[in-house]
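Asker: So here's run-v6.txt (compact mmCIF, C-alpha atoms).
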```
# COMPACT_ATOMS: atom_id res chain seq x y z
CA VAL A 252 -11.37 9.10 -58.27
CA GLU A 253 -14.59 7.91 -59.95
CA ARG A 254 -12.77 5.60 -62.33
CA PHE A 255 -11.44 3.62 -59.34
CA VAL A 256 -14.82 3.40 -57.62
CA GLU A 257 -17.67 2.90 -60.09
CA PRO A 258 -17.62 -0.75 -61.30
CA THR A 259 -18.32 -0.27 -65.03
CA THR A 260 -15.81 2.56 -65.29
CA THR A 261 -13.23 0.52 -63.38
CA GLN A 262 -13.78 -2.42 -65.71
CA ARG A 263 -13.26 -0.28 -68.77
CA TYR A 264 -10.16 1.42 -67.37
CA VAL A 265 -8.42 -1.76 -66.18
CA ARG A 266 -9.26 -3.79 -69.27
CA ASN A 267 -8.23 -1.02 -71.67
CA SER A 268 -5.09 0.01 -69.80
CA GLY A 269 -2.96 -2.56 -71.61
CA ILE A 270 -1.66 -3.83 -68.27
CA LYS A 271 -1.00 -7.50 -68.82
CA ALA A 272 1.91 -9.35 -67.27
CA PRO A 273 4.29 -11.03 -69.73
CA LYS A 274 4.11 -14.79 -70.03
CA GLU A 275 7.51 -15.13 -68.40
CA PHE A 276 8.28 -12.76 -65.54
CA TYR A 277 11.20 -14.46 -63.81
CA GLU A 278 13.40 -11.38 -63.92
CA ASN A 279 12.83 -7.73 -63.21
CA ASN A 280 10.41 -6.24 -65.74
CA ALA A 281 10.86 -2.51 -65.37
CA ASP A 282 8.40 -1.70 -68.16
CA LEU A 283 5.48 -3.52 -66.55
CA THR A 284 6.11 -2.22 -63.04
CA SER A 285 6.54 1.38 -64.23
CA ARG A 286 3.33 1.23 -66.26
CA ILE A 287 1.36 -0.10 -63.30
CA GLY A 288 2.97 2.44 -60.98
CA GLY A 289 1.99 5.25 -63.32
CA THR A 290 -1.70 4.39 -63.02
CA GLY A 291 -1.83 5.11 -59.28
CA PHE A 292 -3.15 1.63 -58.48
CA HIS A 293 -0.51 1.07 -55.78
CA GLY A 294 -1.78 3.98 -53.73
CA VAL A 295 -5.53 3.33 -53.75
CA GLY A 296 -5.63 2.41 -50.05
CA ILE A 297 -2.91 4.81 -48.86
CA PRO A 298 -3.98 8.01 -47.05
CA SER A 299 -3.86 11.15 -49.17
CA GLN A 300 -1.27 12.82 -46.91
CA TYR A 301 1.21 10.20 -48.12
CA GLY A 302 0.35 10.59 -51.80
CA GLY A 303 -2.35 7.91 -51.99
CA ARG A 304 -6.01 7.97 -53.02
CA ASP A 305 -7.39 7.03 -49.58
CA LEU A 306 -10.14 4.75 -50.90
CA GLY A 307 -12.11 2.38 -48.69
CA ALA A 308 -12.36 -1.40 -48.59
CA VAL A 309 -15.26 -1.67 -51.06
CA GLU A 310 -13.48 0.38 -53.70
CA ARG A 311 -10.30 -1.66 -53.30
CA ILE A 312 -12.24 -4.91 -53.64
CA ILE A 313 -13.83 -3.67 -56.88
CA LEU A 314 -10.38 -2.86 -58.24
CA ASN A 315 -8.91 -6.21 -57.17
CA GLU A 316 -11.80 -8.10 -58.73
CA GLU A 317 -11.12 -6.40 -62.05
CA PHE A 318 -7.42 -7.20 -61.87
CA GLY A 319 -8.38 -10.81 -61.15
CA TYR A 320 -10.47 -10.72 -64.32
CA VAL A 321 -7.61 -9.33 -66.41
CA ASP A 322 -4.52 -11.05 -64.97
CA LEU A 323 -4.08 -12.91 -61.67
CA SER A 324 -0.31 -12.49 -61.63
CA THR A 325 -0.56 -8.71 -61.78
CA ALA A 326 -3.31 -8.78 -59.15
CA LEU A 327 -1.06 -10.75 -56.80
CA MET A 328 1.81 -8.32 -57.30
CA LEU A 329 -0.45 -5.43 -56.29
CA THR A 330 -1.88 -7.26 -53.26
CA THR A 331 1.58 -8.12 -51.95
CA THR A 332 2.55 -4.47 -52.26
CA SER A 333 -0.59 -3.49 -50.33
CA ILE A 334 0.44 -5.92 -47.56
CA PHE A 335 3.62 -3.91 -47.09
CA ALA A 336 1.71 -0.61 -47.22
CA ASN A 337 -0.93 -1.77 -44.74
CA ALA A 338 1.78 -2.72 -42.23
CA LEU A 339 3.06 0.86 -42.24
CA ILE A 340 -0.39 2.51 -42.29
CA LYS A 341 -1.37 0.64 -39.13
CA PHE A 342 1.92 0.11 -37.29
CA GLY A 343 4.60 2.34 -38.84
CA THR A 344 6.14 5.46 -37.35
CA GLU A 345 5.48 8.81 -39.01
CA GLU A 346 9.00 8.77 -40.45
CA GLN A 347 8.45 5.30 -41.96
CA LYS A 348 5.11 6.35 -43.43
CA GLN A 349 6.54 9.47 -45.03
CA LYS A 350 9.44 7.56 -46.55
CA TYR A 351 7.87 4.32 -47.79
CA LEU A 352 4.19 5.09 -48.37
CA ARG A 353 5.02 7.96 -50.68
CA GLU A 354 7.28 5.71 -52.73
CA ILE A 355 4.57 3.06 -52.95
CA SER A 356 2.03 5.68 -54.04
CA ASN A 357 4.46 6.60 -56.81
CA GLY A 358 4.70 3.00 -58.01
CA ALA A 359 7.24 1.11 -55.87
CA VAL A 360 6.59 -2.65 -55.71
CA CYS A 361 7.08 -4.46 -52.40
CA ALA A 362 7.64 -8.06 -51.30
CA PHE A 363 6.55 -10.09 -48.27
CA PHE A 364 8.45 -12.95 -46.58
CA LEU A 365 6.83 -15.02 -43.83
CA SER A 366 7.10 -18.77 -44.59
CA GLU A 367 10.28 -20.80 -44.07
CA PRO A 368 11.33 -24.27 -45.26
CA ASN A 369 10.39 -25.76 -41.87
CA ALA A 370 7.74 -23.23 -40.85
CA GLY A 371 4.51 -22.93 -42.82
CA SER A 372 1.20 -22.70 -40.95
CA ASP A 373 3.15 -22.64 -37.67
CA ALA A 374 5.55 -19.98 -38.93
CA PHE A 375 5.69 -18.01 -35.69
CA THR A 376 6.65 -20.86 -33.35
CA GLN A 377 9.04 -22.58 -35.78
CA MET A 378 10.68 -19.45 -37.20
CA ARG A 379 14.46 -19.72 -37.60
CA THR A 380 15.24 -16.42 -39.32
CA MET A 381 16.94 -14.29 -36.68
CA LEU A 382 17.82 -10.69 -35.93
CA GLU A 383 20.83 -10.03 -33.74
CA GLU A 384 21.36 -6.57 -32.30
CA LYS A 385 24.74 -4.97 -32.94
CA GLU A 386 25.95 -1.57 -31.80
CA ALA A 387 24.70 0.41 -34.82
CA TYR A 388 22.47 -2.06 -36.69
CA TYR A 389 20.71 -5.43 -36.63
CA GLU A 390 22.17 -8.46 -38.34
CA LEU A 391 19.70 -10.64 -40.31
CA ASN A 392 20.32 -14.37 -40.88
CA GLY A 393 18.04 -17.13 -42.12
CA THR A 394 16.02 -18.51 -45.02
CA LYS A 395 12.57 -17.64 -46.34
CA THR A 396 10.53 -19.52 -48.93
CA TRP A 397 7.46 -18.80 -51.08
CA GLY A 398 8.29 -15.10 -51.04
CA THR A 399 6.29 -12.98 -53.48
CA ASN A 400 7.54 -10.12 -55.70
CA ARG A 401 11.25 -10.41 -54.81
CA ALA A 402 12.32 -10.16 -58.45
CA VAL A 403 10.73 -6.71 -58.88
CA ALA A 404 10.44 -5.33 -55.35
CA LYS A 405 12.13 -2.19 -54.08
CA TYR A 406 11.43 -3.15 -50.47
CA ALA A 407 10.65 -6.39 -48.64
CA LEU A 408 8.83 -6.94 -45.35
CA VAL A 409 10.58 -9.84 -43.60
CA LEU A 410 9.52 -11.55 -40.39
CA ALA A 411 12.32 -12.61 -38.06
CA LYS A 412 12.89 -13.25 -34.36
CA LEU A 413 14.71 -10.85 -32.08
CA ASP A 414 15.37 -12.11 -28.55
CA GLY A 415 12.68 -14.75 -29.01
CA LYS A 416 10.01 -12.31 -30.22
CA VAL A 417 8.76 -12.02 -33.81
CA ARG A 418 9.49 -8.67 -35.45
CA CYS A 419 8.79 -7.16 -38.88
CA VAL A 420 11.83 -5.88 -40.74
CA ILE A 421 11.94 -3.54 -43.75
CA VAL A 422 14.69 -4.71 -46.09
CA PRO A 423 15.54 -2.45 -49.06
CA ASN A 424 16.26 -4.31 -52.27
CA ALA A 425 19.71 -2.69 -52.40
CA MET A 426 20.65 -4.72 -49.33
CA LEU A 427 19.65 -7.89 -51.15
CA ASN A 428 21.84 -7.05 -54.15
CA GLY A 429 25.33 -6.44 -52.90
CA GLY A 430 24.55 -4.50 -49.73
CA PRO A 431 26.26 -5.05 -46.36
CA GLY A 432 26.35 -8.76 -45.63
CA TYR A 433 25.21 -11.19 -48.30
CA SER A 434 21.94 -12.60 -49.54
CA TYR A 435 20.67 -14.23 -52.72
CA TYR A 436 17.49 -15.79 -54.04
CA THR A 437 16.38 -18.66 -56.25
CA LEU A 438 13.16 -18.69 -58.28
CA ILE A 439 10.60 -21.39 -57.62
CA PRO A 440 9.09 -22.87 -60.81
CA LYS A 441 5.28 -22.97 -60.87
CA MET A 442 2.50 -24.31 -63.09
CA GLY A 443 0.51 -21.09 -62.92
CA LEU A 444 0.76 -17.40 -62.00
CA MET A 445 3.91 -17.40 -64.10
CA SER A 446 4.40 -13.66 -64.05
CA SER A 447 4.37 -13.38 -60.26
CA SER A 448 7.86 -14.20 -59.03
CA THR A 449 7.94 -16.73 -56.17
CA ILE A 450 11.32 -17.26 -54.56
CA ASN A 451 13.51 -18.66 -51.83
CA VAL A 452 15.72 -16.01 -50.23
CA TYR A 453 18.80 -16.55 -48.07
CA PHE A 454 20.10 -13.96 -45.61
CA ASP A 455 23.69 -14.15 -44.41
CA SER A 456 24.76 -11.36 -42.04
CA VAL A 457 22.67 -8.70 -43.80
CA GLN A 458 22.99 -5.40 -41.94
CA ILE A 459 19.62 -3.79 -41.17
CA PRO A 460 19.38 -0.17 -39.93
CA LYS A 461 17.60 -0.01 -36.59
CA GLU A 462 14.96 2.36 -37.96
CA CYS A 463 13.87 -0.41 -40.37
CA VAL A 464 12.39 -2.60 -37.60
CA LEU A 465 8.71 -2.01 -36.76
CA GLU A 466 8.00 -1.54 -33.06
CA GLU A 467 4.83 -3.68 -32.77
CA ASN A 468 4.90 -7.46 -32.21
CA GLY A 469 5.51 -9.06 -35.60
CA ALA A 470 2.98 -11.86 -35.09
CA VAL A 471 0.24 -9.28 -34.43
CA ILE A 472 1.22 -7.37 -37.57
CA ALA A 473 1.35 -10.49 -39.76
CA LYS A 474 -2.07 -11.76 -38.65
CA TYR A 475 -3.58 -8.34 -39.29
CA LEU A 476 -2.03 -8.22 -42.78
CA LEU A 477 -3.08 -11.74 -43.72
CA ASN A 478 -6.67 -11.07 -42.67
CA LEU A 479 -6.80 -7.96 -44.87
CA SER A 480 -5.17 -9.67 -47.84
CA ARG A 481 -7.69 -12.54 -47.79
CA LEU A 482 -10.38 -10.10 -48.92
CA GLU A 483 -8.30 -9.09 -51.92
CA ILE A 484 -7.39 -12.69 -52.79
CA ALA A 485 -11.09 -13.60 -52.67
CA ALA A 486 -11.80 -10.71 -55.05
CA HIS A 487 -9.10 -12.03 -57.41
CA ALA A 488 -10.79 -15.44 -57.45
CA LEU A 489 -14.18 -13.87 -58.15
CA GLY A 490 -12.77 -11.85 -61.03
CA ALA A 491 -11.04 -14.91 -62.48
CA ALA A 492 -14.26 -16.95 -62.19
CA ARG A 493 -16.14 -14.26 -64.10
CA ARG A 494 -13.48 -14.32 -66.80
CA TYR A 495 -13.71 -18.11 -67.13
CA MET A 496 -17.49 -17.96 -67.42
CA THR A 497 -17.23 -15.23 -70.05
CA GLU A 498 -14.74 -17.23 -72.13
CA ILE A 499 -16.69 -20.49 -71.80
CA SER A 500 -19.93 -18.80 -72.82
CA LYS A 501 -18.22 -17.20 -75.79
CA PHE A 502 -16.77 -20.55 -76.85
CA ILE A 503 -20.15 -22.30 -76.69
CA LYS A 504 -21.90 -19.57 -78.68
CA GLU A 505 -19.26 -19.48 -81.42
CA ARG A 506 -18.52 -23.19 -81.86
CA ASN A 507 -20.38 -24.85 -84.71
CA ASP A 508 -18.33 -27.81 -85.94
CA ASP A 509 -19.74 -31.15 -84.76
CA PHE A 510 -21.45 -29.37 -81.90
CA ASP A 511 -25.18 -30.06 -82.22
CA GLU A 512 -27.88 -28.06 -80.49
CA ALA A 513 -28.68 -30.79 -77.98
CA ARG A 514 -25.12 -30.87 -76.65
CA LYS A 515 -24.99 -27.07 -76.63
CA LYS A 516 -28.17 -26.94 -74.53
CA VAL A 517 -26.64 -29.39 -72.04
CA LEU A 518 -23.57 -27.18 -71.61
CA VAL A 519 -25.66 -24.03 -71.32
CA HIS A 520 -27.73 -25.74 -68.63
CA LYS A 521 -24.59 -26.75 -66.69
CA ILE A 522 -23.22 -23.23 -66.83
CA ALA A 523 -26.54 -21.71 -65.72
CA TYR A 524 -26.96 -24.05 -62.77
```
Turn the structure described in the file into structure tokens.

Answerer:
Amino acid sequence: VERFVEPTTTQRYVRNSGIKAPKEFYENNADLTSRIGGTGFHGVGIPSQYGGRDLGAVERIILNEEFGYVDLSTALMLTTTSIFANALIKFGTEEQKQKYLREISNGAVCAFFLSEPNAGSDAFTQMRTMLEEKEAYYELNGTKTWGTNRAVAKYALVLAKLDGKVRCVIVPNAMLNGGPGYSYYTLIPKMGLMSSSTINVYFDSVQIPKECVLEENGAVIAKYLLNLSRLEIAAHALGAARRYMTEISKFIKERNDDFDEARKKVLVHKIAY
């Protein structure tokens, strides 16, 4: 456990692990996801009775800062998976925890879908993705945008409305690839975070087992998850800022051509202050 807690040990482990997302990650990269899953990083915040390491907030922030230092795309993939896990830790039934948290602890990647083409910051009031109750299942219809991890996820947490109330739905990846009903996704091109897949996903009569719908109000769950994830995203930014400072300092120290001492002192002063 120490290597996930003590900062210098965590730095050495993450930086020497060889975990670095490929430059292009628009399709499923089984090698990368299996290597990350094998480290146990997915389960750092999951209780030990479900196969996790049961670490606290401070330890998770240390780990996320280091991933931000090494690779922001990989950091985002892990945070999105933790969003899914946190939903079940706080609001899932015991059966859901036993099934999904154990898989996440063993390396399963998860996705999260909240935003819609016409519903961003007001996603709950403007949501158009709907669940309709059938005799033996729920039927899911609608469109989500800016979804994270869809290309590599085993499960997705999707927010949809059922009888006018927002609910959280667990959608296995198998249902998104030829399962009952039909759905497909398109990748959104980006200027950065290239190895974190960002997608639009379209649901057309996808059949969802009733045990895959969380009981708590979906808006309550989503706000809880977003508040937790902001801490990890902030840690990513801090890690990335440290990396930029390290690289800039290294560049200034090593550059000699047409770079006189006076100009070097000016840059050093700017960095220091």

Asker: Taking 6 positions as the minimum chain separation for residues in the same chain, which residues sit within 12 Å of Ser480 in chain A when counting all atoms listed in the file? Answer as a PyMOL selection string.

Answerer: chain A and resi 308+311-312+315+326-338+363+473-474+486-487

Asker: Determine, counting all atoms listed in the file, which protein, DNA and RNA residues have an atom within 8 Å of an atom of Thr394 in chain A; residues of the same chain fewer than 4 positions away are not included. Present the result as a count of residues only.

Answerer: 8

Asker: Which one is closest to Met496 in chain A: A:Glu483, A:Ala370, A:Ile522, A:Tyr475? Count all atoms listed in the file.

Answerer: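 Checking each candidate against Met496 in chain A, we get A:Ile522 as the closest.
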
Asker: Can you measure CA of Thr497 in chain A to CA of Thr290 in chain A for me? One decimal in Å is fine.

Answerer: 26.0 Å

Asker: Which residues are close to Leu489 in chain A, i.e. within 8 Å by only C-alpha atoms, leaving aside same-chain residues fewer than 6 positions away? Reply as a list of chain:residue names.

Answerer: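 Answer for this query is A:Glu316, A:Gly319, A:Tyr320.
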
Asker: Which distance in Å separates CA of Glu462 in chain A and CA of Ala374 in chain A, to one decimal?

Answerer: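 Going from CA of Glu462 in chain A over to CA of Ala374 in chain A, I get 24.3 Å.
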
Asker: I'd like the contact shell of range 341-353 of chain A - 9 Å cut-off, all atoms listed in the file, skipping same-chain residues fewer than 3 positions apart - returned as a PyMOL selection string.

Answerer: chain A and resi 294+297-298+300-303+336-338+356-359+406+462-463+465-467+472

Asker: Save the residues we just selected, C-alpha atoms, as a JSON list (two decimals), in the coordinates of the input?

Answerer:
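again29.json was written with the following content:
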```
[["chain", "number", "residue", "atom", "x", "y", "z"],
["A", 294, "GLY", "CA", -1.78, 3.98, -53.73],
["A", 297, "ILE", "CA", -2.91, 4.81, -48.86],
["A", 298, "PRO", "CA", -3.98, 8.01, -47.05],
["A", 300, "GLN", "CA", -1.27, 12.82, -46.91],
["A", 301, "TYR", "CA", 1.21, 10.20, -48.12],
["A", 302, "GLY", "CA", 0.35, 10.59, -51.80],
["A", 303, "GLY", "CA", -2.35, 7.91, -51.99],
["A", 336, "ALA", "CA", 1.71, -0.61, -47.22],
["A", 337, "ASN", "CA", -0.93, -1.77, -44.74],
["A", 338, "ALA", "CA", 1.78, -2.72, -42.23],
["A", 356, "SER", "CA", 2.03, 5.68, -54.04],
["A", 357, "ASN", "CA", 4.46, 6.60, -56.81],
["A", 358, "GLY", "CA", 4.70, 3.00, -58.01],
["A", 359, "ALA", "CA", 7.24, 1.11, -55.87],
["A", 406, "TYR", "CA", 11.43, -3.15, -50.47],
["A", 462, "GLU", "CA", 14.96, 2.36, -37.96],
["A", 463, "CYS", "CA", 13.87, -0.41, -40.37],
["A", 465, "LEU", "CA", 8.71, -2.01, -36.76],
["A", 466, "GLU", "CA", 8.00, -1.54, -33.06],
["A", 467, "GLU", "CA", 4.83, -3.68, -32.77],
["A", 472, "ILE", "CA", 1.22, -7.37, -37.57]]
```

Asker: If I take CA of Thr399 in chain A and CA of Val321 in chain A, how far is one from the other in Å, to one decimal?

Answerer: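 These two atoms are separated by 19.3 Å.
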
Asker: Name the closest residue to Tyr495 in chain A among the candidates A:Glu390, A:Asp322, A:Asp305, A:Glu354; distances are taken between atoms, counting all atoms listed in the file.

Answerer: A:Asp322

Asker: Return as lines of an AutoDock Vina configuration file the centre and edge lengths, in Å with one decimal, of the box along x, y and z that encloses every atom of range 410-419 of chain A in the file, padded by 4 Å per side.

Answerer:
```
center_x = 12.1
center_y = -11.0
center_z = -34.5
size_x = 14.6
size_y = 15.6
size_z = 19.8
```

Asker: Pick from A:Phe502, A:Phe318, A:Tyr388, A:Phe375: nearest to Cys419 in chain A, with only C-alpha atoms counted?

Answerer: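 Smallest separation from Cys419 in chain A among the options: A:Phe375.
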
Asker: Which of these, A:Asn392, A:Ser324, A:Lys521, A:Asn468, has the shortest distance to Arg418 in chain A once you count all atoms listed in the file?

Answerer: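 Closest residue, counting all atoms listed in the file: A:Asn468.
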
Asker: Using all atoms listed in the file, which residue out of A:Ser299, A:Asn478, A:Gln458, A:Ser448 lies closest to Met381 in chain A?

Answerer: A:Gln458

Asker: Counting only C-alpha atoms, what is within 10 Å of Ser500 in chain A, bar same-chain residues fewer than 6 positions away, as a compact mmCIF listing (two decimals) with C-alpha atoms, in the coordinates of the input?

Answerer:
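Written file, result_20.txt:
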```txt
# COMPACT_ATOMS: atom_id res chain seq x y z
CA ARG A 494 -13.48 -14.32 -66.80
CA LEU A 518 -23.57 -27.18 -71.61
CA VAL A 519 -25.66 -24.03 -71.32
CA ILE A 522 -23.22 -23.23 -66.83
```

Asker: Could you tell me which of A:Leu482, A:Ala407, A:Val422, A:Leu314 comes closest to Val457 in chain A if we count only C-alpha atoms?

Answerer: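 Counting only C-alpha atoms, the residue closest to Val457 in chain A is A:Val422.
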
Asker: Supply range 466-477 of chain A as a PDB file, in the frame of the given file, with all heavy atoms built in where the input has gaps.

Answerer:
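File out_22.pdb, as written:
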```
ATOM      1  N   GLU A 466       8.012  -1.427 -34.520  1.00  0.00           N
ATOM      2  CA  GLU A 466       8.000  -1.540 -33.060  1.00  0.00           C
ATOM      3  C   GLU A 466       7.008  -2.586 -32.551  1.00  0.00           C
ATOM      4  O   GLU A 466       7.253  -3.240 -31.540  1.00  0.00           O
ATOM      5  CB  GLU A 466       7.670  -0.174 -32.459  1.00  0.00           C
ATOM      6  CG  GLU A 466       8.733   0.889 -32.748  1.00  0.00           C
ATOM      7  CD  GLU A 466       8.365   2.245 -32.194  1.00  0.00           C
ATOM      8  OE1 GLU A 466       7.266   2.358 -31.609  1.00  0.00           O
ATOM      9  OE2 GLU A 466       9.163   3.192 -32.343  1.00  0.00           O
ATOM     10  N   GLU A 467       5.868  -2.761 -33.230  1.00  0.00           N
ATOM     11  CA  GLU A 467       4.830  -3.680 -32.770  1.00  0.00           C
ATOM     12  C   GLU A 467       5.260  -5.135 -32.919  1.00  0.00           C
ATOM     13  O   GLU A 467       6.138  -5.472 -33.723  1.00  0.00           O
ATOM     14  CB  GLU A 467       3.542  -3.430 -33.570  1.00  0.00           C
ATOM     15  CG  GLU A 467       2.357  -4.306 -33.212  1.00  0.00           C
ATOM     16  CD  GLU A 467       1.892  -4.111 -31.779  1.00  0.00           C
ATOM     17  OE1 GLU A 467       1.336  -3.048 -31.460  1.00  0.00           O
ATOM     18  OE2 GLU A 467       2.103  -5.044 -30.974  1.00  0.00           O
ATOM     19  N   ASN A 468       4.654  -6.022 -32.106  1.00  0.00           N
ATOM     20  CA  ASN A 468       4.900  -7.460 -32.210  1.00  0.00           C
ATOM     21  C   ASN A 468       4.646  -7.939 -33.627  1.00  0.00           C
ATOM     22  O   ASN A 468       3.575  -7.692 -34.199  1.00  0.00           O
ATOM     23  CB  ASN A 468       3.986  -8.196 -31.220  1.00  0.00           C
ATOM     24  CG  ASN A 468       4.221  -9.688 -31.219  1.00  0.00           C
ATOM     25  OD1 ASN A 468       3.932 -10.378 -32.189  1.00  0.00           O
ATOM     26  ND2 ASN A 468       4.748 -10.203 -30.106  1.00  0.00           N
ATOM     27  N   GLY A 469       5.616  -8.640 -34.210  1.00  0.00           N
ATOM     28  CA  GLY A 469       5.510  -9.060 -35.600  1.00  0.00           C
ATOM     29  C   GLY A 469       4.389 -10.028 -35.875  1.00  0.00           C
ATOM     30  O   GLY A 469       3.786 -10.015 -36.951  1.00  0.00           O
ATOM     31  N   ALA A 470       4.077 -10.903 -34.913  1.00  0.00           N
ATOM     32  CA  ALA A 470       2.980 -11.860 -35.090  1.00  0.00           C
ATOM     33  C   ALA A 470       1.650 -11.128 -35.189  1.00  0.00           C
ATOM     34  O   ALA A 470       0.775 -11.494 -35.986  1.00  0.00           O
ATOM     35  CB  ALA A 470       2.972 -12.867 -33.954  1.00  0.00           C
ATOM     36  N   VAL A 471       1.465 -10.090 -34.384  1.00  0.00           N
ATOM     37  CA  VAL A 471       0.240  -9.280 -34.430  1.00  0.00           C
ATOM     38  C   VAL A 471       0.119  -8.603 -35.789  1.00  0.00           C
ATOM     39  O   VAL A 471      -0.961  -8.588 -36.406  1.00  0.00           O
ATOM     40  CB  VAL A 471       0.245  -8.235 -33.298  1.00  0.00           C
ATOM     41  CG1 VAL A 471      -0.922  -7.254 -33.458  1.00  0.00           C
ATOM     42  CG2 VAL A 471       0.187  -8.923 -31.946  1.00  0.00           C
ATOM     43  N   ILE A 472       1.227  -8.049 -36.269  1.00  0.00           N
ATOM     44  CA  ILE A 472       1.220  -7.370 -37.570  1.00  0.00           C
ATOM     45  C   ILE A 472       0.883  -8.355 -38.686  1.00  0.00           C
ATOM     46  O   ILE A 472       0.035  -8.081 -39.545  1.00  0.00           O
ATOM     47  CB  ILE A 472       2.588  -6.716 -37.841  1.00  0.00           C
ATOM     48  CG1 ILE A 472       2.851  -5.603 -36.827  1.00  0.00           C
ATOM     49  CG2 ILE A 472       2.634  -6.149 -39.263  1.00  0.00           C
ATOM     50  CD1 ILE A 472       4.223  -4.958 -36.948  1.00  0.00           C
ATOM     51  N   ALA A 473       1.546  -9.510 -38.684  1.00  0.00           N
ATOM     52  CA  ALA A 473       1.350 -10.490 -39.760  1.00  0.00           C
ATOM     53  C   ALA A 473      -0.085 -10.991 -39.814  1.00  0.00           C
ATOM     54  O   ALA A 473      -0.680 -11.114 -40.900  1.00  0.00           O
ATOM     55  CB  ALA A 473       2.316 -11.663 -39.579  1.00  0.00           C
ATOM     56  N   LYS A 474      -0.681 -11.278 -38.664  1.00  0.00           N
ATOM     57  CA  LYS A 474      -2.070 -11.760 -38.650  1.00  0.00           C
ATOM     58  C   LYS A 474      -3.022 -10.680 -39.161  1.00  0.00           C
ATOM     59  O   LYS A 474      -3.976 -10.969 -39.901  1.00  0.00           O
ATOM     60  CB  LYS A 474      -2.450 -12.192 -37.234  1.00  0.00           C
ATOM     61  CG  LYS A 474      -1.725 -13.453 -36.779  1.00  0.00           C
ATOM     62  CD  LYS A 474      -2.026 -13.779 -35.316  1.00  0.00           C
ATOM     63  CE  LYS A 474      -1.244 -15.010 -34.859  1.00  0.00           C
ATOM     64  NZ  LYS A 474      -1.470 -15.312 -33.420  1.00  0.00           N
ATOM     65  N   TYR A 475      -2.767  -9.450 -38.793  1.00  0.00           N
ATOM     66  CA  TYR A 475      -3.580  -8.340 -39.290  1.00  0.00           C
ATOM     67  C   TYR A 475      -3.461  -8.235 -40.812  1.00  0.00           C
ATOM     68  O   TYR A 475      -4.475  -8.093 -41.521  1.00  0.00           O
ATOM     69  CB  TYR A 475      -3.099  -7.043 -38.626  1.00  0.00           C
ATOM     70  CG  TYR A 475      -3.691  -5.775 -39.195  1.00  0.00           C
ATOM     71  CD1 TYR A 475      -4.967  -5.355 -38.816  1.00  0.00           C
ATOM     72  CD2 TYR A 475      -2.976  -5.007 -40.099  1.00  0.00           C
ATOM     73  CE1 TYR A 475      -5.508  -4.186 -39.335  1.00  0.00           C
ATOM     74  CE2 TYR A 475      -3.509  -3.840 -40.629  1.00  0.00           C
ATOM     75  CZ  TYR A 475      -4.772  -3.432 -40.248  1.00  0.00           C
ATOM     76  OH  TYR A 475      -5.296  -2.283 -40.767  1.00  0.00           O
ATOM     77  N   LEU A 476      -2.249  -8.340 -41.335  1.00  0.00           N
ATOM     78  CA  LEU A 476      -2.030  -8.220 -42.780  1.00  0.00           C
ATOM     79  C   LEU A 476      -2.653  -9.366 -43.553  1.00  0.00           C
ATOM     80  O   LEU A 476      -3.263  -9.163 -44.613  1.00  0.00           O
ATOM     81  CB  LEU A 476      -0.528  -8.149 -43.068  1.00  0.00           C
ATOM     82  CG  LEU A 476       0.227  -6.963 -42.459  1.00  0.00           C
ATOM     83  CD1 LEU A 476       1.712  -7.085 -42.744  1.00  0.00           C
ATOM     84  CD2 LEU A 476      -0.329  -5.643 -42.989  1.00  0.00           C
ATOM     85  N   LEU A 477      -2.519 -10.575 -43.034  1.00  0.00           N
ATOM     86  CA  LEU A 477      -3.080 -11.740 -43.720  1.00  0.00           C
ATOM     87  C   LEU A 477      -4.605 -11.667 -43.753  1.00  0.00           C
ATOM     88  O   LEU A 477      -5.226 -12.043 -44.760  1.00  0.00           O
ATOM     89  CB  LEU A 477      -2.603 -13.027 -43.050  1.00  0.00           C
ATOM     90  CG  LEU A 477      -1.103 -13.314 -43.181  1.00  0.00           C
ATOM     91  CD1 LEU A 477      -0.718 -14.527 -42.351  1.00  0.00           C
ATOM     92  CD2 LEU A 477      -0.710 -13.529 -44.643  1.00  0.00           C
TER      93      LEU A 477
END
```
